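Asks: If you scroll down you'll find the structure; I have some questions about it.
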Number of protein chains: 2
Amino acid sequence: VVDGALHACGADPDLHLLLVGPTAVADELVGMLAPDDRERVRVQPVPHGVGMADAPARARRPDATVRAATAAVAEGRADAMVSAGPSGATVTAAVLALGRMPGVRRPALAATLPGAQRYLRRRSQSSPLVLLDVGASVDANPATLARSAVLGAAFAQIRHGVPEPRVGLLSIGTEAGKRDKAAEAALSIQKLPKGARYVGLVEGHDVSLGGPADVVVTDGFTGNVLLKGVEGAYARAGAQVPPSDAPRGAVLLGVPGVVVVCHGAAAGADLASGIALAADLHRAGIIARLTEVIT
Amino acid sequence: VVDGALHACGADPDLHLLLVGPTAVADELVGMLAPDDRERVRVQPVPHGVGMADAPARARRPDATVRAATAAVAEGRADAMVSAGPSGATVTAAVLALGRMPGVRRPALAATLPGAQRYLRRRSQSSPLVLLDVGASVDANPATLARSAVLGAAFAQIRHGVPEPRVGLLSIGTEAGKRDKAAEAALSIQKLPKGARYVGLVEGHDVSLGGPADVVVTDGFTGNVLLKGVEGAYARAGAQVPPSDAPRGAVLLGVPGVVVVCHGAAAGADLASGIALAADLHRAGIIARLTEVIT
């Protein structure tokens, strides 16, 4: 976290950080900053982090870092929050502090992956692919999946500039099973953002290779397993494959505040990327624009 | 299929093939064989394949290719079957024709992936990692997951020579949620094969990178999505990463007969690999050995 914050401050001269956590950690960071940068960093001492082995309910305690950080966003003392703690705790704290967007019962974590490869101007580029939910709601009923489709499509339009996002439902073959049918029925009556359209069932390789869909919807268990599996495969193959400037953080969609979740095992560069993502989203006015599109 | 059968015949002089399918396809293949090889190929004309868009229940019809092929195994006219059709149809037909192994209510499809990298004798090798279920049972209750753990561990021992397989349950974090707890409870009372042990929850990247477990257990939906996602990522990164001689087919565990399922989009080389795998498993007496270990 200290490395990430240092990186982020160095890369963005207009960034201000509010460090929420144990005093010792915060002091270490402040001590490493150049004197000119110190005024950009404030510290809010909060004693208890929520660890990976703790129950997510710990995030409800006012003396938990994640609870204090979301409260700072809710109270306007921060414009966005970034956490590398357990995503369950962050989601719990965010909903508690910020509430939900209209029509949203369960927020969804959205990750951006490199999608279909496109060959433009002599160099290969990837279109972005939005995968959600990657861990906010382990069990998603059809209504939740349909609502995630709306959030994901709106995010693809606003954040990635995809005017007509194609929305796919993650499945295991082209023939819809019982649970796919229920989700497809819910999706068929769901009003997607203008320009977006539902394109049917997609499979695991459609997420890693890209192609049929710009937004892929699934429950938080399947999405989390798939995301980590694909990331592991890329890591094994060498970090430069595929070339991608996709941020290393997932965005919590469906709460009226900017919340970015980084890997628990995030390195400094990953956390810095998550901080930059959060700042970008705030500057782009993502919350107001998302709320407008989905309402 | 024709390409794959040609490849397989060329690579294994002791292989005999029974082609079950439309006469036109079978005749095409026989016409392409060298005259000496033709006597190794018999044809059983069956008119109707089960396509990806068909209901798996079609596999129950006696005039379906997959039904006729599993019947050939059940009746001893074939030692193993290989299909590149929809896995749901193959599982349905296999259970119908062959029944189930003792104590198995739902068979599981097991895929072998490259596991942890090991550096032996100056070259990098991968230990095998068995992932199951990759598509036989979409919804798996805790008892099914526990039984899959037994089948997977026995398979790792017999097929891959891993004497003390470490069995992990696929999840999304180190903190067990409700459904993980139910599965862990079922696993804790399940007698694993001698030498095997349960090592706890693992995540998606543990499947692609290898490490904590030799056998990873999950439901058929999650496993299928993960396998295809990881395969897609490797394909995107270039087929040679990671170096692996893992066969390109999944083995149906829990039925008393050798059944191998290849991708619906399998190329000839993939199908040939699946055929070679089926022949290997038969020659190794896998069914008798598996039955002995799990009983």
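Identifiers in this document derive from the order of the structure tokens: chains are assigned A, B, ..., residues are numbered from 1 separately in each chain, and ligands are numbered from 1 in order of occurrence.
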Can you work out which residues from chain B touch chain A at a cut-off of 9 Å (counting only C-alpha atoms) and hand them back as an NGL selection string?

Replies: :B and (52-56 or 86 or 135 or 138 or 170-177 or 203-209 or 220-238 or 241-242)

Asks: Apply DSSP to the backbone of this structure and, from range 139-288 of chain B, keep only the residues in strand (DSSP E); write these as an MDAnalysis selection string.

Replies: chainID B and resid 166:170 197:202 215:217 250:253 258:261

Asks: Let's have the selection written as an mmCIF file, in the first residue's frame, with N, CA, C and O atoms.

Replies:
```cif
data_model
loop_
_atom_site.group_PDB
_atom_site.id
_atom_site.type_symbol
_atom_site.label_atom_id
_atom_site.label_comp_id
_atom_site.auth_asym_id
_atom_site.auth_seq_id
_atom_site.Cartn_x
_atom_site.Cartn_y
_atom_site.Cartn_z
ATOM 1 N N ARG B 166 -2.829 -33.706 -3.374
ATOM 2 C CA ARG B 166 -3.434 -32.684 -2.508
ATOM 3 C C ARG B 166 -4.703 -32.186 -3.193
ATOM 4 O O ARG B 166 -4.662 -31.721 -4.332
ATOM 5 N N VAL B 167 -5.814 -32.294 -2.483
ATOM 6 C CA VAL B 167 -7.115 -31.969 -3.055
ATOM 7 C C VAL B 167 -7.584 -30.616 -2.534
ATOM 8 O O VAL B 167 -7.653 -30.411 -1.319
ATOM 9 N N GLY B 168 -7.885 -29.688 -3.437
ATOM 10 C CA GLY B 168 -8.394 -28.375 -3.048
ATOM 11 C C GLY B 168 -9.811 -28.163 -3.557
ATOM 12 O O GLY B 168 -10.232 -28.765 -4.547
ATOM 13 N N LEU B 169 -10.549 -27.318 -2.847
ATOM 14 C CA LEU B 169 -11.912 -26.963 -3.264
ATOM 15 C C LEU B 169 -11.862 -25.550 -3.834
ATOM 16 O O LEU B 169 -11.369 -24.622 -3.182
ATOM 17 N N LEU B 170 -12.368 -25.380 -5.055
ATOM 18 C CA LEU B 170 -12.292 -24.076 -5.714
ATOM 19 C C LEU B 170 -13.216 -23.071 -5.043
ATOM 20 O O LEU B 170 -14.392 -23.346 -4.819
ATOM 21 N N ARG B 197 -4.975 -36.149 0.428
ATOM 22 C CA ARG B 197 -5.462 -35.354 1.547
ATOM 23 C C ARG B 197 -6.091 -34.055 1.058
ATOM 24 O O ARG B 197 -5.701 -33.509 0.020
ATOM 25 N N TYR B 198 -7.061 -33.591 1.838
ATOM 26 C CA TYR B 198 -7.730 -32.338 1.521
ATOM 27 C C TYR B 198 -6.913 -31.178 2.077
ATOM 28 O O TYR B 198 -6.546 -31.181 3.244
ATOM 29 N N VAL B 199 -6.616 -30.176 1.235
ATOM 30 C CA VAL B 199 -5.745 -29.078 1.669
ATOM 31 C C VAL B 199 -6.462 -27.735 1.785
ATOM 32 O O VAL B 199 -5.841 -26.713 2.054
ATOM 33 N N GLY B 200 -7.786 -27.712 1.558
ATOM 34 C CA GLY B 200 -8.527 -26.475 1.778
ATOM 35 C C GLY B 200 -8.935 -25.767 0.493
ATOM 36 O O GLY B 200 -8.887 -26.337 -0.594
ATOM 37 N N LEU B 201 -9.309 -24.498 0.649
ATOM 38 C CA LEU B 201 -9.818 -23.714 -0.470
ATOM 39 C C LEU B 201 -8.686 -23.207 -1.360
ATOM 40 O O LEU B 201 -7.622 -22.823 -0.867
ATOM 41 N N VAL B 202 -8.917 -23.232 -2.649
ATOM 42 C CA VAL B 202 -7.965 -22.666 -3.605
ATOM 43 C C VAL B 202 -8.736 -21.699 -4.510
ATOM 44 O O VAL B 202 -9.970 -21.682 -4.506
ATOM 45 N N VAL B 215 -5.284 -31.657 -7.302
ATOM 46 C CA VAL B 215 -6.649 -31.942 -7.745
ATOM 47 C C VAL B 215 -7.524 -30.784 -7.270
ATOM 48 O O VAL B 215 -7.496 -30.432 -6.094
ATOM 49 N N VAL B 216 -8.260 -30.172 -8.174
ATOM 50 C CA VAL B 216 -9.137 -29.064 -7.792
ATOM 51 C C VAL B 216 -10.577 -29.433 -8.150
ATOM 52 O O VAL B 216 -10.882 -29.763 -9.290
ATOM 53 N N VAL B 217 -11.431 -29.355 -7.126
ATOM 54 C CA VAL B 217 -12.814 -29.807 -7.256
ATOM 55 C C VAL B 217 -13.747 -28.605 -7.342
ATOM 56 O O VAL B 217 -13.616 -27.652 -6.573
ATOM 57 N N ALA B 250 -11.255 -34.354 -21.999
ATOM 58 C CA ALA B 250 -11.626 -34.571 -20.602
ATOM 59 C C ALA B 250 -12.155 -35.997 -20.446
ATOM 60 O O ALA B 250 -12.756 -36.556 -21.366
ATOM 61 N N VAL B 251 -11.883 -36.586 -19.293
ATOM 62 C CA VAL B 251 -12.254 -37.976 -19.040
ATOM 63 C C VAL B 251 -13.472 -38.000 -18.122
ATOM 64 O O VAL B 251 -13.480 -37.335 -17.082
ATOM 65 N N LEU B 252 -14.471 -38.775 -18.487
ATOM 66 C CA LEU B 252 -15.665 -38.886 -17.656
ATOM 67 C C LEU B 252 -15.406 -39.899 -16.540
ATOM 68 O O LEU B 252 -15.255 -41.092 -16.802
ATOM 69 N N LEU B 253 -15.313 -39.404 -15.321
ATOM 70 C CA LEU B 253 -15.033 -40.274 -14.173
ATOM 71 C C LEU B 253 -16.333 -40.619 -13.449
ATOM 72 O O LEU B 253 -17.171 -39.751 -13.214
ATOM 73 N N VAL B 258 -14.490 -46.379 -20.416
ATOM 74 C CA VAL B 258 -13.632 -45.245 -20.778
ATOM 75 C C VAL B 258 -14.380 -44.323 -21.736
ATOM 76 O O VAL B 258 -14.729 -44.721 -22.853
ATOM 77 N N VAL B 259 -14.630 -43.085 -21.291
ATOM 78 C CA VAL B 259 -15.341 -42.089 -22.105
ATOM 79 C C VAL B 259 -14.528 -40.805 -22.089
ATOM 80 O O VAL B 259 -14.238 -40.254 -21.025
ATOM 81 N N VAL B 260 -14.131 -40.344 -23.273
ATOM 82 C CA VAL B 260 -13.341 -39.116 -23.402
ATOM 83 C C VAL B 260 -14.147 -38.099 -24.203
ATOM 84 O O VAL B 260 -14.711 -38.429 -25.245
ATOM 85 N N VAL B 261 -14.202 -36.876 -23.691
ATOM 86 C CA VAL B 261 -14.930 -35.802 -24.353
ATOM 87 C C VAL B 261 -13.938 -34.780 -24.874
ATOM 88 O O VAL B 261 -13.126 -34.251 -24.108
#
```

Asks: Which polymer residues have any atom within 12 Å of an atom of Pro163 in chain B, counting only C-alpha atoms, with same-chain residues fewer than 3 positions away left out, as a PyMOL selection string?

Replies: chain B and resi 153-160+166+193-197+214

Asks: Using only C-alpha atoms, which residues sit within 12 Å of Asp37 in chain B once same-chain residues fewer than 4 positions away are excluded, as a short mmCIF file (atom, residue, chain, number, x, y, z; two decimals) with all heavy atoms, in the first residue's frame?

Replies:
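So the final result, stored in result.cif, reads:
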```cif
data_model
loop_
_atom_site.label_atom_id
_atom_site.label_comp_id
_atom_site.auth_asym_id
_atom_site.auth_seq_id
_atom_site.Cartn_x
_atom_site.Cartn_y
_atom_site.Cartn_z
N ALA B 5 -9.13 -38.99 -36.75
CA ALA B 5 -9.07 -40.44 -36.85
C ALA B 5 -7.87 -40.88 -37.70
O ALA B 5 -7.16 -41.84 -37.37
CB ALA B 5 -10.37 -40.98 -37.44
N LEU B 6 -7.60 -40.14 -38.77
CA LEU B 6 -6.45 -40.43 -39.62
C LEU B 6 -5.14 -40.29 -38.83
O LEU B 6 -4.28 -41.18 -38.86
CB LEU B 6 -6.41 -39.48 -40.83
CG LEU B 6 -7.31 -39.83 -42.00
CD1 LEU B 6 -7.29 -38.70 -43.03
CD2 LEU B 6 -6.87 -41.14 -42.65
N HIS B 7 -5.02 -39.17 -38.15
CA HIS B 7 -3.86 -38.91 -37.29
C HIS B 7 -3.66 -40.06 -36.31
O HIS B 7 -2.55 -40.58 -36.14
CB HIS B 7 -4.09 -37.64 -36.46
CG HIS B 7 -3.55 -36.39 -37.05
ND1 HIS B 7 -4.32 -35.55 -37.80
CD2 HIS B 7 -2.32 -35.83 -36.97
CE1 HIS B 7 -3.58 -34.51 -38.18
NE2 HIS B 7 -2.37 -34.66 -37.69
N ALA B 8 -4.75 -40.40 -35.61
CA ALA B 8 -4.67 -41.39 -34.54
C ALA B 8 -4.24 -42.75 -35.09
O ALA B 8 -3.40 -43.44 -34.49
CB ALA B 8 -6.02 -41.49 -33.82
N CYS B 9 -4.78 -43.13 -36.23
CA CYS B 9 -4.41 -44.42 -36.85
C CYS B 9 -2.94 -44.42 -37.23
O CYS B 9 -2.23 -45.41 -37.06
CB CYS B 9 -5.25 -44.67 -38.10
SG CYS B 9 -6.85 -45.40 -37.74
N GLY B 10 -2.48 -43.27 -37.75
CA GLY B 10 -1.09 -43.19 -38.16
C GLY B 10 -0.15 -43.28 -36.98
O GLY B 10 0.95 -43.86 -37.07
N ALA B 11 -0.54 -42.73 -35.84
CA ALA B 11 0.36 -42.65 -34.70
C ALA B 11 0.39 -43.93 -33.88
O ALA B 11 1.34 -44.17 -33.14
CB ALA B 11 -0.07 -41.49 -33.79
N ASP B 12 -0.61 -44.75 -34.01
CA ASP B 12 -0.72 -45.93 -33.14
C ASP B 12 -1.10 -47.15 -33.99
O ASP B 12 -2.27 -47.38 -34.29
CB ASP B 12 -1.80 -45.67 -32.07
CG ASP B 12 -1.96 -46.83 -31.11
OD1 ASP B 12 -1.40 -47.92 -31.37
OD2 ASP B 12 -2.67 -46.65 -30.10
N PRO B 13 -0.10 -47.96 -34.36
CA PRO B 13 -0.37 -49.08 -35.28
C PRO B 13 -1.28 -50.16 -34.68
O PRO B 13 -1.81 -50.98 -35.43
CB PRO B 13 1.04 -49.63 -35.58
CG PRO B 13 1.94 -49.06 -34.57
CD PRO B 13 1.31 -47.83 -34.01
N ASP B 14 -1.46 -50.14 -33.36
CA ASP B 14 -2.31 -51.15 -32.73
C ASP B 14 -3.73 -50.67 -32.49
O ASP B 14 -4.53 -51.36 -31.85
CB ASP B 14 -1.70 -51.60 -31.40
CG ASP B 14 -0.37 -52.32 -31.63
OD1 ASP B 14 -0.25 -53.01 -32.66
OD2 ASP B 14 0.54 -52.15 -30.80
N LEU B 15 -4.02 -49.47 -32.97
CA LEU B 15 -5.33 -48.89 -32.72
C LEU B 15 -6.36 -49.40 -33.73
O LEU B 15 -6.08 -49.47 -34.92
CB LEU B 15 -5.23 -47.36 -32.83
CG LEU B 15 -6.48 -46.55 -32.50
CD1 LEU B 15 -6.71 -46.51 -31.00
CD2 LEU B 15 -6.34 -45.13 -33.05
N HIS B 16 -7.51 -49.77 -33.22
CA HIS B 16 -8.64 -50.10 -34.10
C HIS B 16 -9.76 -49.12 -33.83
O HIS B 16 -10.05 -48.81 -32.67
CB HIS B 16 -9.12 -51.53 -33.84
CG HIS B 16 -8.13 -52.56 -34.25
ND1 HIS B 16 -8.28 -53.35 -35.37
CD2 HIS B 16 -6.93 -52.91 -33.71
CE1 HIS B 16 -7.23 -54.16 -35.49
NE2 HIS B 16 -6.39 -53.91 -34.49
N LEU B 17 -10.38 -48.67 -34.89
CA LEU B 17 -11.43 -47.67 -34.73
C LEU B 17 -12.78 -48.22 -35.16
O LEU B 17 -12.90 -48.89 -36.18
CB LEU B 17 -11.13 -46.43 -35.58
CG LEU B 17 -10.02 -45.50 -35.09
CD1 LEU B 17 -9.86 -44.34 -36.08
CD2 LEU B 17 -10.31 -44.97 -33.70
N LEU B 29 -13.68 -41.09 -44.67
CA LEU B 29 -12.49 -41.45 -43.91
C LEU B 29 -11.86 -42.73 -44.45
O LEU B 29 -10.64 -42.78 -44.71
CB LEU B 29 -12.84 -41.65 -42.43
CG LEU B 29 -11.73 -42.26 -41.58
CD1 LEU B 29 -10.51 -41.36 -41.56
CD2 LEU B 29 -12.20 -42.52 -40.17
N VAL B 30 -12.67 -43.75 -44.64
CA VAL B 30 -12.14 -45.04 -45.11
C VAL B 30 -11.43 -44.85 -46.45
O VAL B 30 -10.36 -45.42 -46.69
CB VAL B 30 -13.27 -46.09 -45.19
CG1 VAL B 30 -12.75 -47.38 -45.81
CG2 VAL B 30 -13.84 -46.36 -43.79
N GLY B 31 -12.03 -43.98 -47.29
CA GLY B 31 -11.43 -43.73 -48.60
C GLY B 31 -10.05 -43.08 -48.51
O GLY B 31 -9.21 -43.23 -49.39
N MET B 32 -9.80 -42.36 -47.40
CA MET B 32 -8.53 -41.66 -47.26
C MET B 32 -7.45 -42.52 -46.62
O MET B 32 -6.29 -42.13 -46.55
CB MET B 32 -8.73 -40.39 -46.42
CG MET B 32 -9.56 -39.33 -47.15
SD MET B 32 -10.02 -37.97 -46.05
CE MET B 32 -8.50 -37.01 -46.06
N LEU B 33 -7.84 -43.67 -46.09
CA LEU B 33 -6.87 -44.54 -45.41
C LEU B 33 -6.04 -45.32 -46.42
O LEU B 33 -6.51 -45.65 -47.51
CB LEU B 33 -7.60 -45.53 -44.51
CG LEU B 33 -8.16 -44.98 -43.19
CD1 LEU B 33 -9.09 -46.01 -42.56
CD2 LEU B 33 -7.03 -44.64 -42.23
N VAL B 41 -10.35 -50.26 -39.41
CA VAL B 41 -11.48 -49.35 -39.21
C VAL B 41 -12.79 -50.04 -39.58
O VAL B 41 -12.94 -50.55 -40.68
CB VAL B 41 -11.30 -48.08 -40.07
CG1 VAL B 41 -12.50 -47.16 -39.90
CG2 VAL B 41 -10.02 -47.35 -39.66
N ARG B 42 -13.68 -50.08 -38.62
CA ARG B 42 -15.03 -50.56 -38.91
C ARG B 42 -15.99 -49.38 -38.85
O ARG B 42 -15.70 -48.38 -38.20
CB ARG B 42 -15.46 -51.62 -37.89
CG ARG B 42 -14.83 -52.99 -38.10
CD ARG B 42 -15.06 -53.87 -36.89
NE ARG B 42 -14.46 -53.26 -35.70
CZ ARG B 42 -15.01 -53.31 -34.49
NH1 ARG B 42 -16.16 -53.93 -34.29
NH2 ARG B 42 -14.39 -52.73 -33.46
#
```

Asks: Between CA of Arg105 in chain B and CA of Ala146 in chain B, measure the distance and give it in Å to one decimal.

Replies: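 Taking CA of Arg105 in chain B and CA of Ala146 in chain B, their separation equals 11.3 Å.
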
Asks: Using only C-alpha atoms, which residue out of A:Thr218, A:Gln125, A:Thr90, A:Met81 lies closest to Leu145 in chain A?

Replies: A:Thr218

Asks: Do a neighbour search on Asp280 in chain A at 10 Å with only C-alpha atoms, toss out local chain neighbours closer than 5 positions, and write the hits as a PyMOL selection string.

Replies: chain A and resi 80+159+258+274-275+285-286

Asks: Expressed in Å to a single decimal, how great is the separation between CA of Ala269 in chain B and CA of Gly85 in chain B?

Replies: 16.0 Å

Asks: Just to confirm, what's the straight-line distance from CA of His263 in chain B to CA of Leu19 in chain B in Å (one decimal)?

Replies: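 These atoms are spaced 18.0 Å apart.
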
Asks: Identify all residues of range 36-281 of chain A in alpha helix (DSSP H) (DSSP on the backbone) and supply them as a ChimeraX atom specification.

Replies: /A:36-38,65-74,87-98,142-160,178-188,204-209,220-237,268-281
